[in-house]
Each structure stands twice: as structure tokens, then as C-alpha cells.
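S.K.: Here it is, the structure in full.
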Amino acid sequence: MALEYFRIDDRLIHGQVVVGWGQPCNLGFLVLVDDAVVDSEWEQELYKMGAPPEMDLYFDSIESAARRIAEYRADSRNGLLLTGDVTTMAALQALVPQVQVVTIGGIHHKEGRTARLRYVFLTPTEEQELRALAARGVTVVAQDLPNTPAVPLEDVLIGDGTG
Amino acid sequence: MTMSEGPRAVVAGHGKFAEGIISAVQQITGMGHLLTPVSNTGLTPAAIETAIREAMVVANARVVFTDLPAGSCTAIVRRVSKSSPDITLVTGVTLPTLLAYVMGASIEESVAKGREALGAVEPPRGA
């Protein structure tokens, strides 16, 4: 099955990822692409403590993830790659055009963001970045959990935060 | 001991977990006021951290119970405790653990109470 999921989630590795996706999708590994985490052993330990022992965690920068993507895709286990923001995912996809589906798992409220779904809040810049991803042929959807419907980007962007 | 005194703590978790489990503590012991709930619902990691820090100040608490070892609240309290090592974090909290804690048990005793209470109950013989 290999690396199947590309998720944007500002909480990075947390319950929804490890349990909500990890168990039903039988995830064997997670790839966290985050320049701050990849340079901090302490941060990596923090995330390792939260993951079940049977789930491997790999930490990458955008560049190292792009270099190793073939290795991840060849892995026989199911995998999920995470970024904490739209910009990082867009930068990765620019280097790895094989990334064809990107899922917004959670981008939460902060100043300057507008509510689009109950778990998706976006700044105008983030909306532009997502539109640009879609314009490059990437299917962008929002889906917090595997048993909820995937919401197409065009529907996300007209949302009012109640969906 | 007056009603306002006692071992204080913050309970942080997903959805209405904290609010719900504290309501159970209140129903059973009348001591739910010793616990301050925090929900991560709809919050960025930075906002969760702010909420937990504020709850600790308001509650004058140095103990935080969280619901899930892999959860965002747990990761954030671990991060906060890096600069504040006097914070005690207990993950996977259950009602028996909280009941023991508000009744005055130590953290170790409270955790043990939670572990002791967890089990699958076998059906009665002949059922």
C-alpha cells in the first residue's frame, strides 16, 4: 500500500492521526515534515512518546522528504505524511509532483483566519496556496476522519465554518 | 477543610471529555470544583497551550490530567513542562483516578486506583 495519505494538520501527530486514522487505515508509519521538528531531538522524542510502538515515525525537512519519497512509497506498510501548514505541503508537492491528493485534516482558528469548516480556518494566503495546489492538478479535500465525507476544496472555500 | 481547599488540577482532553468527567466527579464527591476543564476542540496547538496555562493559573494547579497519551493536550503539557519541571502530567486519566485524587490520594496512589479499576468483567457462571 505504501505512502497513501498526505495530510495538513496543525496539531501534527495527535489522537486523530494515531488513533482516528492509524487504526482503521492500519498505518505502519508516519512521516512528519517539519523543519523545526527535524532539527530538534527533544521535539522528536515528544512525538515518539505519543505514538504506539508498532508505528514508526520518520522526521524530515521538505528537502529530505522529497529525496526519500520513493523509499516511503515503496514501503509495504501503509503510511501517512503530515505537514503542519499549507505552505510546507505546497513546497513538498512542488518537489514531488507525484503527490496527487492532499487532505486538510485540521487547520484551527487564529487571528486572520476565516472559518470554512468546523476544523478548517484559512487565511487568504492559505486559500491562494490551496487553489494553486489544485491548479497544479492536485485533488485537495478536507477530511478530519476516515469515516467522515471528504469535502472538495471548492466547497471548503465557500464554507462558513458550520460544515 | 473548606470546600475551596484541596488538591487542585487541570483536566484536558478531546471534545467534552474534561467537562464530562469532572461532572461525574462532582456528582459522586461534590468536589468537582477542584478540577478545571480544558477542551482542545477547535484550537490550534498555540491556543491549547494558552488555555492550559491559563487554567493552571486560575486553578492554582501544577497537576494536569489528560485523556490520551498521543493527544495534542498531552504533547503540549509535555512541552510546557520542559520549562516548568514542577508540573505533573498524568495521561489516560479515568474516573477512579480523579476520584482518588480529589479525595486526597497522592498522584501515585491515584494512578494505581485507575489501573486497579480497569478490567473486563467476566459473565456470571452459568449465564
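Numbering starts fresh at 1 for the residues of each chain in the C-alpha cells, the chains themselves are lettered A, B, ... in the order given, and ligands are numbered from 1 as they appear.
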Would you return as a list in words the members of chain B that DSSP assigns to strand (DSSP E) on this structure's backbone?

M.R.: Ala9, Val10, Val11, Ala12, Gly13, Leu35, Thr36, Pro37, Val38, Ser39, Val63, Val64, Phe65, Thr66, Thr88, Leu89 and Val90 of chain B

S.K.: Give me, as a PyMOL selection string, all polymer residues having an atom no more than 12 Å from region 48-61 of chain B, counting only C-alpha atoms and skipping those fewer than 5 positions away in the same chain.

M.R.: (chain A and resi 10-11+108-110) or (chain B and resi 4-14+32-43+66+71-81+84+86-89)

S.K.: Which is closer to chain B than all the others in A:Ala91, A:Leu12, A:Glu129, A:Pro97, using only C-alpha atoms?

M.R.: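 Counting only C-alpha atoms, the residue closest to chain B is A:Leu12.
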
S.K.: Leaving out Leu157 (chain A) and any residue of its chain fewer than 3 positions from it, which residues lie within 9 Å of it when counting only C-alpha atoms, given as JSON, numbers by chain?

M.R.: {"A": [116, 117, 122, 127, 152, 153, 154, 160]}

S.K.: Can I get the selected residues back with N, CA and C atoms, as a compact mmCIF listing (two decimals), in the first residue's frame?

M.R.:
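Full text of selection-v4.txt as output:
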# COMPACT_ATOMS: atom_id res chain seq x y z
N ARG A 116 -14.02 28.00 7.67
CA ARG A 116 -14.56 27.37 6.46
C ARG A 116 -15.32 26.08 6.79
N LEU A 117 -14.71 25.26 7.62
CA LEU A 117 -15.39 24.09 8.19
C LEU A 117 -15.14 24.18 9.70
N LEU A 122 -8.94 29.37 7.43
CA LEU A 122 -7.91 29.70 6.45
C LEU A 122 -7.71 31.20 6.31
N GLU A 127 -5.66 30.19 1.39
CA GLU A 127 -6.64 29.84 0.35
C GLU A 127 -6.01 29.92 -1.04
N PRO A 152 -14.70 18.55 -1.03
CA PRO A 152 -13.85 19.12 -2.08
C PRO A 152 -13.44 20.55 -1.75
N LEU A 153 -12.28 20.96 -2.27
CA LEU A 153 -11.75 22.29 -1.96
C LEU A 153 -12.74 23.40 -2.29
N GLU A 154 -13.41 23.29 -3.44
CA GLU A 154 -14.33 24.36 -3.82
C GLU A 154 -15.45 24.53 -2.81
N ASP A 160 -18.83 28.29 5.74
CA ASP A 160 -18.91 29.35 6.75
C ASP A 160 -18.54 28.85 8.14

S.K.: How many Å separate CA of Ile62 (chain A) from CA of Val86 (chain A)?

M.R.: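 These two atoms are separated by 12.4 Å.
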
S.K.: Provide as a short mmCIF file (atom, residue, chain, number, x, y, z; two decimals) with N, CA and C atoms, in the first residue's frame the residues of chain A at most 8 Å from chain B, counting only C-alpha atoms.

M.R.:
data_model
loop_
_atom_site.label_atom_id
_atom_site.label_comp_id
_atom_site.auth_asym_id
_atom_site.auth_seq_id
_atom_site.Cartn_x
_atom_site.Cartn_y
_atom_site.Cartn_z
N ASP A 10 -2.39 21.11 11.78
CA ASP A 10 -1.54 21.95 12.62
C ASP A 10 -1.22 21.31 13.97
N ARG A 11 -1.92 20.25 14.33
CA ARG A 11 -1.58 19.55 15.58
C ARG A 11 -0.56 18.43 15.34
N ILE A 13 1.23 15.18 15.03
CA ILE A 13 0.91 13.82 15.46
C ILE A 13 0.08 13.91 16.73
N HIS A 14 -1.19 13.52 16.64
CA HIS A 14 -2.09 13.60 17.80
C HIS A 14 -3.13 12.49 17.69
N GLY A 15 -4.10 12.53 18.60
CA GLY A 15 -5.04 11.42 18.70
C GLY A 15 -5.75 11.08 17.41
N GLN A 16 -6.21 12.11 16.70
CA GLN A 16 -6.95 11.85 15.46
C GLN A 16 -6.09 11.13 14.43
N VAL A 18 -3.13 9.28 15.13
CA VAL A 18 -2.62 7.99 15.62
C VAL A 18 -3.76 6.97 15.77
N LEU A 46 9.29 13.87 21.89
CA LEU A 46 7.94 14.22 22.33
C LEU A 46 6.89 13.48 21.50
N TYR A 47 7.06 13.50 20.20
CA TYR A 47 6.09 12.84 19.32
C TYR A 47 6.21 11.32 19.40
N MET A 49 6.89 9.59 21.97
CA MET A 49 6.25 9.11 23.20
C MET A 49 4.76 8.92 23.02
N GLY A 50 4.17 9.67 22.08
CA GLY A 50 2.73 9.58 21.89
C GLY A 50 2.28 8.52 20.91
N ALA A 51 3.21 7.99 20.17
CA ALA A 51 2.83 7.03 19.13
C ALA A 51 2.93 5.61 19.64
N ILE A 107 -6.89 22.67 10.42
CA ILE A 107 -6.20 23.97 10.50
C ILE A 107 -7.14 24.84 11.34
N HIS A 108 -6.70 25.11 12.55
CA HIS A 108 -7.64 25.67 13.52
C HIS A 108 -7.57 27.20 13.58
N HIS A 109 -8.49 27.74 14.36
CA HIS A 109 -8.67 29.20 14.37
C HIS A 109 -7.48 29.95 14.96
N LYS A 110 -7.09 30.98 14.28
CA LYS A 110 -6.24 32.01 14.86
C LYS A 110 -6.52 33.30 14.11
N ARG A 118 -15.77 23.30 10.47
CA ARG A 118 -15.56 23.40 11.92
C ARG A 118 -14.11 23.11 12.29
N TYR A 119 -13.36 22.45 11.43
CA TYR A 119 -11.96 22.15 11.73
C TYR A 119 -11.01 22.77 10.72
#

S.K.: For a test of reading the model, state the distance in Å between CA of Leu133 (chain A) and CA of Pro146 (chain A), rounded to one decimal.

M.R.: 22.1 Å

S.K.: Would you please work out which residue, of B:Val90, B:Ile21, B:Leu95, B:Met103, is nearest to Arg62 (chain B) when using only C-alpha atoms?

M.R.: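 Between B:Val90, B:Ile21, B:Leu95, B:Met103, the residue approaching Arg62 (chain B) most closely is B:Val90.
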
S.K.: Would you compute the distance between CA of Gly137 (chain A) and CA of Val96 (chain A)? Give it in Å to one decimal.

M.R.: 12.5 Å

S.K.: Hey, what's within 10 Å of Ala65 (chain A) if we count only C-alpha atoms and toss same-chain stuff fewer than 4 positions away? As a PyMOL selection string, please?

M.R.: chain A and resi 31-34+58-61+69-72+81+92+95-96

S.K.: Using the selection just defined, write its residues with C-alpha atoms as a short mmCIF file (atom, residue, chain, number, x, y, z; two decimals), in the first residue's frame.

M.R.:
data_model
loop_
_atom_site.label_atom_id
_atom_site.label_comp_id
_atom_site.auth_asym_id
_atom_site.auth_seq_id
_atom_site.Cartn_x
_atom_site.Cartn_y
_atom_site.Cartn_z
CA VAL A 31 6.32 10.90 8.12
CA LEU A 32 6.37 14.29 9.81
CA VAL A 33 7.69 17.02 7.53
CA ASP A 34 8.53 19.98 9.71
CA TYR A 58 10.17 9.46 10.44
CA PHE A 59 11.13 13.12 10.62
CA ASP A 60 12.07 15.08 7.53
CA SER A 61 12.65 18.54 6.18
CA ILE A 69 9.67 9.88 -1.03
CA ALA A 70 10.42 6.95 -3.36
CA GLU A 71 11.60 4.94 -0.37
CA TYR A 72 8.42 5.75 1.54
CA LEU A 81 2.77 12.04 5.62
CA LEU A 92 6.78 19.48 -0.91
CA LEU A 95 9.29 18.99 -5.48
CA VAL A 96 7.24 15.78 -5.63
#

S.K.: With only C-alpha atoms as the basis for distance, which of A:Val120, A:Ala135, A:Val156, A:Leu145 is at the shortest distance from Val17 (chain A)?

M.R.: A:Leu145
